[in-house]
Every structure is written in C-alpha cells, then in structure tokens.
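Colleague: File name target-v5.cif; file contents mmCIF, C-alpha atoms and all ligand atoms; full text below.
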```
data_start
loop_
_atom_site.label_atom_id
_atom_site.label_comp_id
_atom_site.auth_asym_id
_atom_site.auth_seq_id
_atom_site.Cartn_x
_atom_site.Cartn_y
_atom_site.Cartn_z
CA MET Z 1 7.14 -11.54 6.24
CA THR Z 2 6.70 -8.15 7.87
CA ASP Z 3 7.43 -7.78 11.57
CA LYS Z 4 4.78 -5.11 11.99
CA ILE Z 5 1.95 -7.49 12.68
CA LEU Z 6 2.14 -9.91 15.58
CA ILE Z 7 1.24 -13.49 14.81
CA PHE Z 8 -1.11 -14.72 17.50
CA ASP Z 9 -0.89 -18.41 18.25
CA PHE Z 10 -3.81 -18.70 20.60
CA GLU Z 11 -7.56 -18.80 20.32
CA TYR Z 12 -10.37 -17.72 22.55
CA LYS Z 13 -14.08 -18.12 22.36
CA LEU Z 14 -16.17 -15.13 23.28
CA ARG Z 15 -19.42 -17.02 23.06
CA LEU Z 16 -20.23 -20.58 22.17
CA ASN Z 17 -23.66 -21.61 21.06
CA LYS Z 18 -24.19 -25.18 22.16
CA ASN Z 19 -27.21 -25.73 19.90
CA SER Z 20 -25.25 -25.11 16.74
CA GLU Z 21 -25.70 -28.51 15.13
CA ASN Z 22 -28.90 -27.75 13.22
CA MET Z 23 -27.99 -24.20 12.30
CA MET Z 24 -26.46 -22.96 9.05
CA LYS Z 25 -22.76 -22.43 9.77
CA ALA Z 26 -20.89 -19.43 8.42
CA LEU Z 27 -17.22 -18.54 8.63
CA VAL Z 28 -16.46 -14.81 8.43
CA LEU Z 29 -12.81 -13.92 7.77
CA GLY Z 30 -12.01 -10.34 8.70
CA ALA Z 31 -14.81 -10.47 11.28
CA GLY Z 32 -13.11 -7.82 13.40
CA GLY Z 33 -13.17 -5.33 10.54
CA PHE Z 34 -15.82 -2.84 9.51
CA ILE Z 35 -17.86 -4.89 7.03
CA GLY Z 36 -17.08 -8.28 8.64
CA ASN Z 37 -18.33 -7.15 12.05
CA HIS Z 38 -21.58 -5.81 10.58
CA LEU Z 39 -21.95 -8.96 8.47
CA ALA Z 40 -21.51 -11.29 11.47
CA LYS Z 41 -24.29 -9.40 13.25
CA ARG Z 42 -26.52 -9.71 10.20
CA LEU Z 43 -25.88 -13.46 9.87
CA LYS Z 44 -26.64 -13.97 13.56
CA SER Z 45 -29.93 -12.11 13.13
CA GLU Z 46 -30.75 -14.53 10.30
CA GLY Z 47 -30.15 -17.53 12.59
CA TYR Z 48 -26.65 -18.60 11.54
CA PHE Z 49 -23.93 -20.03 13.76
CA VAL Z 50 -20.97 -17.75 13.03
CA ARG Z 51 -17.26 -18.35 13.50
CA GLY Z 52 -15.22 -15.19 13.02
CA ILE Z 53 -11.49 -14.89 12.49
CA ASP Z 54 -9.36 -11.76 12.55
CA LEU Z 55 -6.08 -10.34 13.80
CA THR Z 56 -8.11 -8.37 16.33
CA PRO Z 57 -11.69 -8.31 17.67
CA PRO Z 58 -13.88 -5.38 16.56
CA GLU Z 59 -12.65 -2.06 17.92
CA PHE Z 60 -15.92 -0.28 18.60
CA ASN Z 61 -18.36 -2.92 19.86
CA GLU Z 62 -18.55 -6.53 20.93
CA THR Z 63 -18.53 -9.18 18.24
CA SER Z 64 -21.78 -10.97 17.43
CA CYS Z 65 -19.87 -14.13 16.43
CA ASP Z 66 -20.54 -17.33 18.35
CA GLU Z 67 -16.82 -18.07 18.17
CA PHE Z 68 -14.19 -15.42 17.53
CA ILE Z 69 -10.70 -16.67 16.87
CA VAL Z 70 -7.81 -14.24 16.97
CA GLY Z 71 -5.04 -15.10 14.57
CA ASP Z 72 -3.18 -14.46 11.37
CA LEU Z 73 -4.67 -15.79 8.13
CA ARG Z 74 -1.28 -15.45 6.42
CA ASP Z 75 -0.15 -18.32 8.60
CA ASN Z 76 -0.99 -21.58 6.86
CA VAL Z 77 -0.74 -23.64 10.07
CA PHE Z 78 -3.20 -21.34 11.83
CA CYS Z 79 -5.55 -21.48 8.80
CA LYS Z 80 -5.47 -25.30 8.70
CA LYS Z 81 -6.47 -25.40 12.35
CA HIS Z 82 -9.49 -23.13 12.03
CA ILE Z 83 -10.72 -23.43 8.46
CA ASN Z 84 -11.30 -27.06 9.16
CA GLU Z 85 -14.83 -28.14 8.27
CA PRO Z 86 -17.39 -27.94 5.44
CA PHE Z 87 -18.98 -24.64 6.48
CA ASP Z 88 -22.21 -23.83 4.63
CA GLU Z 89 -20.87 -20.38 3.80
CA LEU Z 90 -17.49 -18.69 3.93
CA TYR Z 91 -17.15 -14.90 3.65
CA GLN Z 92 -13.60 -13.76 2.83
CA LEU Z 93 -13.27 -10.10 3.87
CA ALA Z 94 -9.81 -10.12 5.44
CA ALA Z 95 -7.34 -7.86 3.65
CA ASP Z 96 -4.52 -5.45 4.33
CA MET Z 97 -6.24 -2.25 3.31
CA GLY Z 98 -7.10 1.33 4.21
CA GLY Z 99 -8.10 4.63 2.63
CA ALA Z 100 -6.23 6.69 0.03
CA GLY Z 101 -3.61 7.74 2.60
CA TYR Z 102 -2.72 4.09 3.15
CA LEU Z 103 -3.13 2.67 -0.37
CA PHE Z 104 -1.76 5.48 -2.54
CA SER Z 105 1.27 6.66 -0.57
CA GLY Z 106 3.34 3.80 -2.08
CA GLU Z 107 4.75 2.97 1.36
CA ASN Z 108 2.47 -0.02 1.94
CA ASP Z 109 2.52 -1.53 -1.57
CA PHE Z 110 4.46 -4.68 -0.72
CA ASN Z 111 2.49 -5.42 2.45
CA VAL Z 112 -0.84 -4.83 0.73
CA MET Z 113 -0.02 -7.28 -2.09
CA HIS Z 114 1.88 -9.87 -0.09
CA ASN Z 115 -0.40 -10.04 2.95
CA SER Z 116 -3.71 -10.15 1.10
CA ALA Z 117 -2.47 -12.58 -1.56
CA LEU Z 118 -1.18 -14.96 1.15
CA ILE Z 119 -4.54 -14.84 2.93
CA ASN Z 120 -6.44 -15.63 -0.26
CA LEU Z 121 -4.07 -18.45 -1.29
CA ASN Z 122 -4.46 -20.11 2.12
CA VAL Z 123 -8.22 -19.65 2.28
CA ILE Z 124 -9.17 -20.89 -1.18
CA ASN Z 125 -7.05 -24.01 -0.81
CA LEU Z 126 -8.79 -24.98 2.43
CA ALA Z 127 -12.22 -24.11 1.03
CA ILE Z 128 -11.57 -26.65 -1.74
CA GLU Z 129 -10.11 -29.23 0.65
CA HIS Z 130 -13.08 -29.12 3.04
CA GLY Z 131 -15.79 -28.79 0.39
CA ILE Z 132 -17.10 -25.49 1.75
CA LYS Z 133 -20.44 -25.08 0.06
CA LYS Z 134 -20.41 -21.38 -0.88
CA VAL Z 135 -17.59 -18.86 -0.87
CA PHE Z 136 -17.97 -15.07 -0.95
CA TYR Z 137 -15.00 -12.94 -1.99
CA SER Z 138 -14.85 -9.17 -1.48
CA SER Z 139 -13.17 -7.53 -4.44
CA SER Z 140 -13.13 -3.80 -5.09
CA ALA Z 141 -13.91 -1.00 -7.52
CA CYS Z 142 -10.15 -0.36 -7.36
CA ILE Z 143 -9.67 -3.07 -10.00
CA TYR Z 144 -11.12 -0.82 -12.74
CA PRO Z 145 -8.61 0.62 -15.22
CA ARG Z 146 -7.28 4.14 -14.90
CA TYR Z 147 -7.97 4.97 -18.55
CA ASN Z 148 -11.75 4.78 -18.02
CA GLN Z 149 -11.72 7.04 -14.97
CA THR Z 150 -10.05 10.21 -16.20
CA ASP Z 151 -13.25 12.24 -16.72
CA PRO Z 152 -14.79 13.05 -13.31
CA SER Z 153 -18.25 13.46 -14.84
CA ASN Z 154 -18.25 10.25 -16.87
CA PRO Z 155 -16.26 7.35 -15.39
CA LYS Z 156 -16.86 3.86 -16.75
CA CYS Z 157 -16.96 1.04 -14.18
CA SER Z 158 -19.24 -1.58 -15.67
CA GLU Z 159 -18.10 -5.13 -14.86
CA ASP Z 160 -17.08 -5.88 -18.45
CA SER Z 161 -14.70 -2.89 -18.53
CA ALA Z 162 -12.11 -4.46 -16.17
CA TYR Z 163 -9.79 -5.54 -19.01
CA PRO Z 164 -7.29 -4.67 -20.42
CA ALA Z 165 -6.33 -4.26 -16.78
CA ASP Z 166 -4.74 -1.08 -15.44
CA PRO Z 167 -5.73 -0.56 -11.77
CA ASP Z 168 -4.36 2.60 -10.14
CA SER Z 169 -2.95 0.81 -7.06
CA GLU Z 170 -1.23 -2.42 -6.03
CA TYR Z 171 -4.32 -3.01 -3.89
CA GLY Z 172 -6.38 -3.14 -7.12
CA TRP Z 173 -3.89 -5.52 -8.78
CA GLU Z 174 -4.03 -7.92 -5.83
CA LYS Z 175 -7.84 -7.86 -5.90
CA LEU Z 176 -7.79 -8.65 -9.61
CA PHE Z 177 -5.35 -11.53 -9.07
CA SER Z 178 -7.52 -12.93 -6.28
CA GLU Z 179 -10.71 -12.59 -8.32
CA ARG Z 180 -9.00 -14.81 -10.88
CA LEU Z 181 -7.86 -17.20 -8.17
CA TYR Z 182 -11.44 -17.66 -6.89
CA LEU Z 183 -12.82 -17.90 -10.43
CA SER Z 184 -10.31 -20.60 -11.32
CA ALA Z 185 -11.31 -22.59 -8.19
CA ASN Z 186 -14.85 -22.35 -9.46
CA ARG Z 187 -13.88 -23.59 -12.94
CA ASN Z 188 -11.45 -26.34 -11.93
CA TYR Z 189 -12.93 -27.59 -8.63
CA GLY Z 190 -16.59 -26.65 -8.98
CA LEU Z 191 -16.44 -24.42 -5.88
CA SER Z 192 -19.53 -22.19 -5.61
CA VAL Z 193 -17.88 -18.77 -5.68
CA HIS Z 194 -19.59 -15.35 -5.43
CA ILE Z 195 -17.55 -12.22 -6.06
CA ALA Z 196 -18.61 -8.64 -5.30
CA ARG Z 197 -16.74 -5.50 -6.28
CA PHE Z 198 -17.50 -3.08 -3.43
CA HIS Z 199 -17.48 0.66 -4.08
CA ASN Z 200 -16.57 2.80 -1.01
CA VAL Z 201 -18.63 1.27 1.77
CA TYR Z 202 -19.19 3.51 4.79
CA GLY Z 203 -21.21 3.72 7.99
CA PRO Z 204 -20.90 3.72 11.77
CA HIS Z 205 -18.34 1.50 13.56
CA GLY Z 206 -15.61 1.84 10.91
CA ALA Z 207 -12.05 3.20 11.10
CA TRP Z 208 -12.23 6.99 11.59
CA ASN Z 209 -8.91 8.15 13.08
CA ASN Z 210 -6.23 5.45 12.73
CA GLY Z 211 -4.78 6.30 9.31
CA LYS Z 212 -6.84 3.57 7.61
CA GLU Z 213 -10.08 5.59 7.44
CA LYS Z 214 -11.60 6.25 4.03
CA ALA Z 215 -13.01 9.51 2.63
CA PRO Z 216 -16.48 9.50 4.30
CA ALA Z 217 -15.07 8.83 7.78
CA ALA Z 218 -12.11 11.18 7.28
CA LEU Z 219 -14.39 14.02 6.16
CA CYS Z 220 -16.81 13.42 9.05
CA ARG Z 221 -13.91 13.46 11.52
CA LYS Z 222 -12.42 16.65 10.09
CA VAL Z 223 -15.79 18.40 10.27
CA ALA Z 224 -16.58 17.06 13.76
CA GLU Z 225 -13.18 18.21 15.06
CA ALA Z 226 -13.33 21.65 13.40
CA THR Z 227 -14.47 24.70 15.31
CA ASN Z 228 -16.96 27.19 13.90
CA ASP Z 229 -15.50 29.65 11.34
CA SER Z 230 -12.47 27.48 10.61
CA GLN Z 231 -11.28 25.54 7.58
CA ILE Z 232 -10.60 21.87 6.82
CA GLU Z 233 -8.15 20.43 4.33
CA ILE Z 234 -9.40 18.40 1.38
CA TRP Z 235 -6.92 16.31 -0.60
CA GLY Z 236 -6.69 17.25 -4.29
CA ASN Z 237 -8.76 19.89 -6.07
CA GLY Z 238 -11.97 18.38 -4.66
CA LYS Z 239 -13.42 17.95 -8.14
CA GLN Z 240 -12.68 14.23 -8.14
CA THR Z 241 -15.93 12.26 -8.01
CA ARG Z 242 -16.93 9.08 -6.17
CA SER Z 243 -20.05 7.24 -5.05
CA PHE Z 244 -20.48 5.79 -1.55
CA LEU Z 245 -22.49 2.81 -0.35
CA TYR Z 246 -24.14 2.69 3.07
CA ILE Z 247 -23.25 -0.44 5.07
CA ASP Z 248 -26.83 -1.80 5.34
CA ASP Z 249 -27.15 -1.71 1.55
CA CYS Z 250 -23.81 -3.50 1.24
CA LEU Z 251 -25.03 -6.29 3.56
CA ASP Z 252 -28.23 -6.68 1.52
CA GLY Z 253 -26.12 -6.95 -1.64
CA ILE Z 254 -23.81 -9.57 -0.09
CA ARG Z 255 -26.72 -11.70 1.10
CA LYS Z 256 -28.55 -11.46 -2.22
CA LEU Z 257 -25.40 -12.47 -4.09
CA MET Z 258 -24.81 -15.45 -1.78
CA ASN Z 259 -28.42 -16.57 -2.19
CA SER Z 260 -28.21 -16.29 -5.97
CA GLY Z 261 -26.72 -18.71 -8.43
CA PHE Z 262 -24.56 -15.87 -9.79
CA THR Z 263 -20.77 -16.03 -9.58
CA GLY Z 264 -20.02 -12.44 -10.60
CA PRO Z 265 -17.92 -10.39 -10.33
CA VAL Z 266 -20.70 -7.88 -9.76
CA ASN Z 267 -20.59 -4.27 -8.58
CA ILE Z 268 -22.06 -3.64 -5.14
CA GLY Z 269 -22.05 0.14 -5.02
CA SER Z 270 -24.10 3.28 -5.38
CA GLU Z 271 -24.69 5.24 -8.58
CA GLU Z 272 -25.12 8.53 -6.66
CA MET Z 273 -21.93 10.23 -7.77
CA ILE Z 274 -20.68 13.38 -6.01
CA SER Z 275 -17.52 15.50 -6.04
CA ILE Z 276 -15.44 15.38 -2.87
CA ASN Z 277 -15.90 19.13 -2.27
CA ASP Z 278 -19.70 18.77 -2.57
CA PHE Z 279 -19.59 15.77 -0.25
CA ALA Z 280 -17.59 17.74 2.33
CA ASN Z 281 -20.09 20.61 2.08
CA MET Z 282 -22.97 18.14 2.62
CA ILE Z 283 -21.32 17.02 5.89
CA ILE Z 284 -20.58 20.61 6.93
CA GLN Z 285 -24.25 21.44 6.47
CA LEU Z 286 -25.20 18.51 8.71
CA SER Z 287 -22.86 19.81 11.42
CA GLY Z 288 -24.50 23.24 11.42
CA LYS Z 289 -21.02 24.85 11.54
CA ASN Z 290 -19.52 27.47 9.28
CA ILE Z 291 -16.47 25.73 7.82
CA HIS Z 292 -14.46 26.52 4.68
CA LEU Z 293 -12.64 24.06 2.45
CA LYS Z 294 -8.94 24.31 1.69
CA ASN Z 295 -7.87 22.08 -1.19
CA VAL Z 296 -4.34 20.82 -0.66
CA GLU Z 297 -2.04 18.31 -2.34
CA GLY Z 298 -2.62 14.73 -1.24
CA PRO Z 299 -3.19 11.17 -2.48
CA VAL Z 300 -6.46 11.12 -4.44
CA GLY Z 301 -6.54 8.20 -6.89
CA VAL Z 302 -8.50 8.41 -10.13
CA ASN Z 303 -10.44 11.54 -11.21
CA GLY Z 304 -13.84 9.86 -11.23
CA ARG Z 305 -15.40 6.60 -10.10
CA THR Z 306 -18.94 5.38 -9.60
CA SER Z 307 -20.79 2.10 -9.61
CA HIS Z 308 -22.73 0.81 -12.60
CA ASN Z 309 -25.54 -1.34 -11.30
CA ARG Z 310 -27.20 -2.80 -14.38
CA LEU Z 311 -25.79 -6.28 -13.72
CA ALA Z 312 -26.64 -6.24 -9.99
CA GLU Z 313 -30.17 -5.21 -10.84
CA GLU Z 314 -30.54 -7.89 -13.51
CA LYS Z 315 -28.94 -10.80 -11.60
CA LEU Z 316 -29.75 -9.95 -7.97
CA SER Z 317 -32.67 -7.48 -8.19
CA TRP Z 318 -30.52 -5.29 -5.94
CA GLN Z 319 -30.17 -1.52 -5.77
CA PRO Z 320 -29.15 0.58 -2.75
CA ALA Z 321 -32.03 1.85 -0.62
CA TYR Z 322 -30.19 4.64 1.25
CA THR Z 323 -29.46 8.04 -0.27
CA LEU Z 324 -26.01 9.47 0.48
CA LEU Z 325 -27.59 12.11 2.73
CA GLU Z 326 -29.44 9.47 4.78
CA GLY Z 327 -26.36 7.28 5.19
CA ILE Z 328 -23.89 10.06 5.95
CA THR Z 329 -26.27 11.59 8.51
CA LYS Z 330 -26.09 8.36 10.55
CA THR Z 331 -22.34 8.11 10.03
CA TYR Z 332 -21.65 11.74 10.99
CA GLN Z 333 -23.68 11.32 14.17
CA TRP Z 334 -21.59 8.31 15.21
CA ILE Z 335 -18.23 9.91 14.38
CA ASN Z 336 -19.22 13.14 16.11
CA GLU Z 337 -19.98 11.08 19.23
CA GLN Z 338 -16.53 9.42 18.99
CA VAL Z 339 -14.82 12.80 18.66
CA LEU Z 340 -16.71 14.20 21.67
CA LEU Z 341 -15.86 11.09 23.68
CA THR Z 342 -12.16 11.45 22.81
CA ILE Z 343 -12.16 15.11 23.86
CA LYS Z 344 -13.96 14.24 27.10
CA THR Z 345 -11.54 11.45 28.05
CA SER Z 346 -8.45 13.53 27.22
CA VAL Z 347 -9.36 16.39 29.62
P1 LIG Z 401 -11.31 -3.56 7.34
O1 LIG Z 401 -9.88 -3.17 7.21
O2 LIG Z 401 -12.14 -2.88 8.36
O3 LIG Z 401 -11.41 -5.13 7.61
C1 LIG Z 401 -10.45 -6.04 7.14
C2 LIG Z 401 -10.09 -6.94 8.32
O4 LIG Z 401 -9.13 -7.89 7.87
C3 LIG Z 401 -9.43 -6.16 9.48
O5 LIG Z 401 -10.18 -6.32 10.67
C4 LIG Z 401 -8.04 -6.79 9.61
O6 LIG Z 401 -7.60 -6.93 10.94
C5 LIG Z 401 -8.29 -8.16 8.97
N1 LIG Z 401 -7.02 -8.73 8.54
C6 LIG Z 401 -6.03 -8.13 7.82
N2 LIG Z 401 -4.99 -8.95 7.69
C7 LIG Z 401 -5.31 -10.08 8.37
C8 LIG Z 401 -4.62 -11.29 8.62
N3 LIG Z 401 -3.38 -11.47 8.15
N4 LIG Z 401 -5.24 -12.24 9.34
C9 LIG Z 401 -6.49 -12.05 9.85
N5 LIG Z 401 -7.18 -10.93 9.64
C10 LIG Z 401 -6.60 -9.95 8.91
O7 LIG Z 401 -11.93 -3.43 5.90
P2 LIG Z 401 -13.46 -3.44 5.44
O8 LIG Z 401 -13.80 -2.06 5.05
O9 LIG Z 401 -14.30 -4.14 6.42
O10 LIG Z 401 -13.34 -4.29 4.10
C11 LIG Z 401 -13.62 -5.69 4.07
C12 LIG Z 401 -13.23 -6.24 2.70
O11 LIG Z 401 -13.92 -5.54 1.67
C13 LIG Z 401 -11.74 -6.09 2.38
O12 LIG Z 401 -11.31 -7.23 1.68
C14 LIG Z 401 -11.69 -4.90 1.48
O13 LIG Z 401 -10.58 -4.92 0.62
C15 LIG Z 401 -13.00 -5.02 0.73
N6 LIG Z 401 -13.47 -3.71 0.23
C16 LIG Z 401 -13.88 -2.76 1.12
C17 LIG Z 401 -14.30 -1.53 0.65
C18 LIG Z 401 -14.78 -0.46 1.59
O14 LIG Z 401 -15.10 0.63 1.12
N7 LIG Z 401 -14.86 -0.69 2.90
C19 LIG Z 401 -14.29 -1.26 -0.73
C20 LIG Z 401 -13.84 -2.25 -1.59
C21 LIG Z 401 -13.45 -3.49 -1.10
#
```
Show me the file's structure as structure tokens.
Modeller:
Amino acid sequence: MTDKILIFDFEYKLRLNKNSENMMKALVLGAGGFIGNHLAKRLKSEGYFVRGIDLTPPEFNETSCDEFIVGDLRDNVFCKKHINEPFDELYQLAADMGGAGYLFSGENDFNVMHNSALINLNVINLAIEHGIKKVFYSSSACIYPRYNQTDPSNPKCSEDSAYPADPDSEYGWEKLFSERLYLSANRNYGLSVHIARFHNVYGPHGAWNNGKEKAPAALCRKVAEATNDSQIEIWGNGKQTRSFLYIDDCLDGIRKLMNSGFTGPVNIGSEEMISINDFANMIIQLSGKNIHLKNVEGPVGVNGRTSHNRLAEEKLSWQPAYTLLEGITKTYQWINEQVLLTIKTSV
C-alpha cells in the first residue's frame, strides 16, 4: 500500500435530502473527479438521490451529491460501510489516473494497477452482495492494442479489435482486467453491468495544472499562459492523432447505456480525429494570440487513436452532438479564467 494517499476514516454529509425514500438512488464512485462530479449534477437534475464517494470533494465547485463521503475505496472496511444497500444504480468512475505525463512516464505503473484493481475488486463484490440493480463501469480507449494504432491516419479501435490484447500502458491492462471482472460478475451472478470505453473526455472543471491534466486541458493551459509572439512546447512530433469527447456528450452516452439493456463494452467517444499540432493551432486561434509550436520529446502514447461509433449508434442510438471546436471553445474559456485568476491571486 502506498503512503502517498491518506486514508480518511471519517465521513461528512454536505447535504442530506430527507425525502429520498421515493427517489431513484444512485451511488457515484469517483464523485469528486471530473466526470463523476458532472455526472452527479446530471443525475440530480434527473431527480435522483445521489451518494458520492471520493478521496476528495470536487476541486472547482461544490458537489451536487445529496451525501458526499470522503474516503478510500481501496479500503475494504470503508467500502463495506458505505456500499451498503441495494442502490438502483452504481457508477464506478474512481481510478488512479491522469494524462500522458502521469500514465506513460512509467513512474506510476504500480500505483495505477494496484490502486484501481483494488477499488474494482472491492466494489464489484459489494455490488453482488447487496444486489445493486445496475452497475456502470468506466473503461477506456487505452485498452486497444498498440498494433492497430501505428498509422496516425487510420487507427482501428472498434470494440471487437481489443484482442489479442496489447495495451500501451499498465493503465490499459488494468482497465481490461476490470472489464473482465465486471463481465464475469454479469455471467456468474446475473449482475446488470454496463461498460463504456471512454475516449479522451474533456470540458470545464477538470484537472488543468496538477500533473494529471490530459491533452485538451494541457494545451489550453499552455496557450492561456503564453504571451503574444511566444512559443509553446508540444510533446512528440505533433502528428499523432486523437479524438476528444465533450463532457455533455459523455454524460448522454453514459445515461443512454445505463437505460439500455446493453452490457457492452461500447465506445463512448468522438470520431472527429485531429493531429495534436492541428488541435493546438485550433486553440491558439481561439486565443487570438500569435503563438508558435515547438515539438519536443515527451510521453505521447500510440501514433493514432479515434473512436469507432457503429456499435454505440446501433445499440444506444448515440452519437456526440458537439464538434471539437464547440467543446474546446467552452473549455478554453474556463481554463483561461483559471489562469487569469491564478495570476491575479499571486500578485
Ligand atoms: P478523475 O481523475 O478526475 O476522477 C477519478 C476520481 O477517482 C478522482 O476524483 C480520485 O480522487 C478518485 N479516486 C482515485 N482513487 C480513489 C480511491 N482509492 N478512493 C476513492 N476515490 C478515488 O478522472 P475522470 O476523468 O473523471 O475519469 C473517470 C473515470 O473514467 C476513470 O475511471 C477513468 O479511468 C475513466 N476514463 C476517463 C477518461 C477521460 O478522458 N477523462 C478516458 C477514459 C477513461
């Protein structure tokens, strides 16, 4: 067990809804994180009673959860205390993760595998024990094999291409293991399991400067911090391609999957593929500044990756609604505000 993360042994309730008895009850694990925080808000807007659990409350705004319990999901005793009833829906989003700088440096490999696997082993066991009616598991595009993602203009990430497995990170291997864990609970215990493979979800209120930020937030921050007529560093040759999914589209995908009879795994991503250099230039244009790119060595992952949405369309009638330009405009505005706020408070 790592000593880097404190194990909290207390709980506090930020808000308690006394009329919760007739409401649908959801448990969101990782509710202090980027997607979990947005998801809790969405579930509240749909009339759910929401219990959230995380190591920390959300960093950038107040939680929407009715109950928010601070604690460590690696700790089986803590889990038994709080995953303790037949919730209508459980959303498992808690994981030890970050962007390329965190996942591909090699320095966090053990923690990433050990911490997330422990969380999933604890959670699935209690979901079975308490007869939780539906379970959502957040897997990742990082499970797809390296050998299908060498050509930046033609990566293959359809759901049926996951095997023979060869993910490019330990994070991907853990996700693949946990997919199989949830699928086996479905087969052996009849648990209603729904698995999404997210592809690069981004939007406001996500990590942007703590070393766990992913490419969209990192690029927005670099551009927002840069002065006119300067340059920003881009990891790799910038020709590597990715697609990015705006948070609201991700939430729609999650909800559609949970309301479907489909187990998955299914891609929840965008098919709008772009090179990292072109993406950076899109953000620079939004900023109105004159900024040049300097491609430098850095952790980049596979050469190309994008979502393939045929299955999501067929099973969930889901496709993203936001273009990359629309989504990144909202995200850049928020990160630019954070950067300005930081400058203001430091002078
Ligand atoms: P995030 O890091 O913002 O949220 C994860 C949350 O899990 C964090 O708040 C963290 O504190 C919490 N957590 C970690 N260890 C914990 C522990 N031991 N006990 C309790 N809480 C713990 O990440 P996110 O972007 O919101 O991603 C949510 C899920 O979706 C993750 O499982 C992630 O792997 C998956 N996913 C995300 C993306 C993406 O682009 N954001 C892509 C693919 C998959």
Colleague: Any idea what the distance is between atom C14 of ligand LIG 401 (chain Z) and CA of Leu341 in chain Z?
Modeller: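 Result for atom C14 of ligand LIG 401 (chain Z) versus CA of Leu341 in chain Z: 27.7 Å, one decimal.
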Colleague: For Cys250 in chain Z, which residue out of Z:Asn228, Z:Asn22, Z:Ser138, Z:Ser64 is the nearest one, using only C-alpha atoms?
Modeller: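 Among Z:Asn228, Z:Asn22, Z:Ser138, Z:Ser64, it is Z:Ser138 that comes nearest to Cys250 in chain Z.
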Colleague: Determine, counting only C-alpha atoms, which protein, DNA and RNA residues have an atom within 10 Å of an atom of Val302 in chain Z; residues of the same chain fewer than 5 positions away are not included. Present the result as a ChimeraX atom specification.
Modeller: /Z:142,144-152,155,167-169,240-242
Colleague: Have a look at Z:Ile69, Z:Ile53, Z:Ala117, Z:Val28 and name the one nearest to ligand LIG 401 (chain Z); count only C-alpha atoms and all ligand atoms.
Modeller: Z:Ile53
Colleague: Could you list, as a PyMOL selection string, all the residues within 8 Å of ligand LIG 401 (chain Z), counting all atoms listed in the file?
Modeller: chain Z and resi 29-37+53-58+70-75+92-98+115-116+119+137-142+171+175+197-202+206-207+212+214+244-245
Colleague: Compute the distance from (-28.3, -22.5, 14.5) to each atom, counting all atoms listed in the file, keep the residues with any atom at most 6 Å away, and return them as a list in words; use the coordinates of the file.
Modeller: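 Selection result: Ser20, Asn22, Met23, Met24, Gly47, Tyr48 and Phe49 of chain Z.
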Colleague: Please compute the CA of Thr323 in chain Z-CA of Ile254 in chain Z distance, one decimal, in Å.
Modeller: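 Distance reported for this atom pair: 18.5 Å.
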Colleague: For Tyr163 in chain Z, which residue among Z:Gly253, Z:Ser243, Z:Leu176, Z:Trp334 is the nearest when counting all atoms listed in the file?
Modeller: Z:Leu176
Colleague: Please indicate the distance in Å from CA of Glu62 in chain Z to CA of Gly101 in chain Z, rounded to one decimal place.
Modeller: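 Going from CA of Glu62 in chain Z over to CA of Gly101 in chain Z, I get 27.6 Å.
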Colleague: Point out the residue among Z:Asp252, Z:Ile143, Z:Tyr332, Z:Arg187 with the least atom-to-atom distance to Ser161 in chain Z, counting only C-alpha atoms.
Modeller: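 Nearest candidate to Ser161 in chain Z out of Z:Asp252, Z:Ile143, Z:Tyr332, Z:Arg187: Z:Ile143.
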Colleague: Go through Z:Ile335, Z:Val223, Z:Ile343, Z:Leu311 and flag the residue nearest Ile283 in chain Z, using only C-alpha atoms for the distances.
Modeller: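 Smallest distance to Ile283 in chain Z is found for Z:Val223.
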Colleague: Give me range 318-329 of chain Z with N, CA and C atoms filled in, as a short mmCIF file (atom, residue, chain, number, x, y, z; two decimals), in the frame of the given file.
Modeller:
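Output file part.cif is given in full below:
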```
data_model
loop_
_atom_site.label_atom_id
_atom_site.label_comp_id
_atom_site.auth_asym_id
_atom_site.auth_seq_id
_atom_site.Cartn_x
_atom_site.Cartn_y
_atom_site.Cartn_z
N TRP Z 318 -31.04 -6.10 -7.05
CA TRP Z 318 -30.52 -5.29 -5.94
C TRP Z 318 -30.18 -3.88 -6.41
N GLN Z 319 -30.58 -2.92 -5.62
CA GLN Z 319 -30.17 -1.52 -5.77
C GLN Z 319 -30.08 -0.95 -4.36
N PRO Z 320 -29.20 0.01 -4.09
CA PRO Z 320 -29.15 0.58 -2.75
C PRO Z 320 -30.46 1.27 -2.37
N ALA Z 321 -30.80 1.21 -1.09
CA ALA Z 321 -32.03 1.85 -0.62
C ALA Z 321 -31.74 3.22 0.00
N TYR Z 322 -30.53 3.39 0.55
CA TYR Z 322 -30.19 4.64 1.25
C TYR Z 322 -29.68 5.69 0.26
N THR Z 323 -30.12 6.94 0.45
CA THR Z 323 -29.46 8.04 -0.27
C THR Z 323 -28.17 8.35 0.48
N LEU Z 324 -27.27 9.09 -0.19
CA LEU Z 324 -26.01 9.47 0.48
C LEU Z 324 -26.31 10.33 1.72
N LEU Z 325 -27.27 11.23 1.59
CA LEU Z 325 -27.59 12.11 2.73
C LEU Z 325 -28.08 11.30 3.92
N GLU Z 326 -28.93 10.30 3.67
CA GLU Z 326 -29.44 9.47 4.78
C GLU Z 326 -28.30 8.71 5.46
N GLY Z 327 -27.44 8.10 4.64
CA GLY Z 327 -26.36 7.28 5.19
C GLY Z 327 -25.32 8.11 5.92
N ILE Z 328 -24.97 9.27 5.34
CA ILE Z 328 -23.89 10.06 5.95
C ILE Z 328 -24.40 10.77 7.20
N THR Z 329 -25.70 11.00 7.29
CA THR Z 329 -26.27 11.59 8.51
C THR Z 329 -26.02 10.64 9.68
#
```
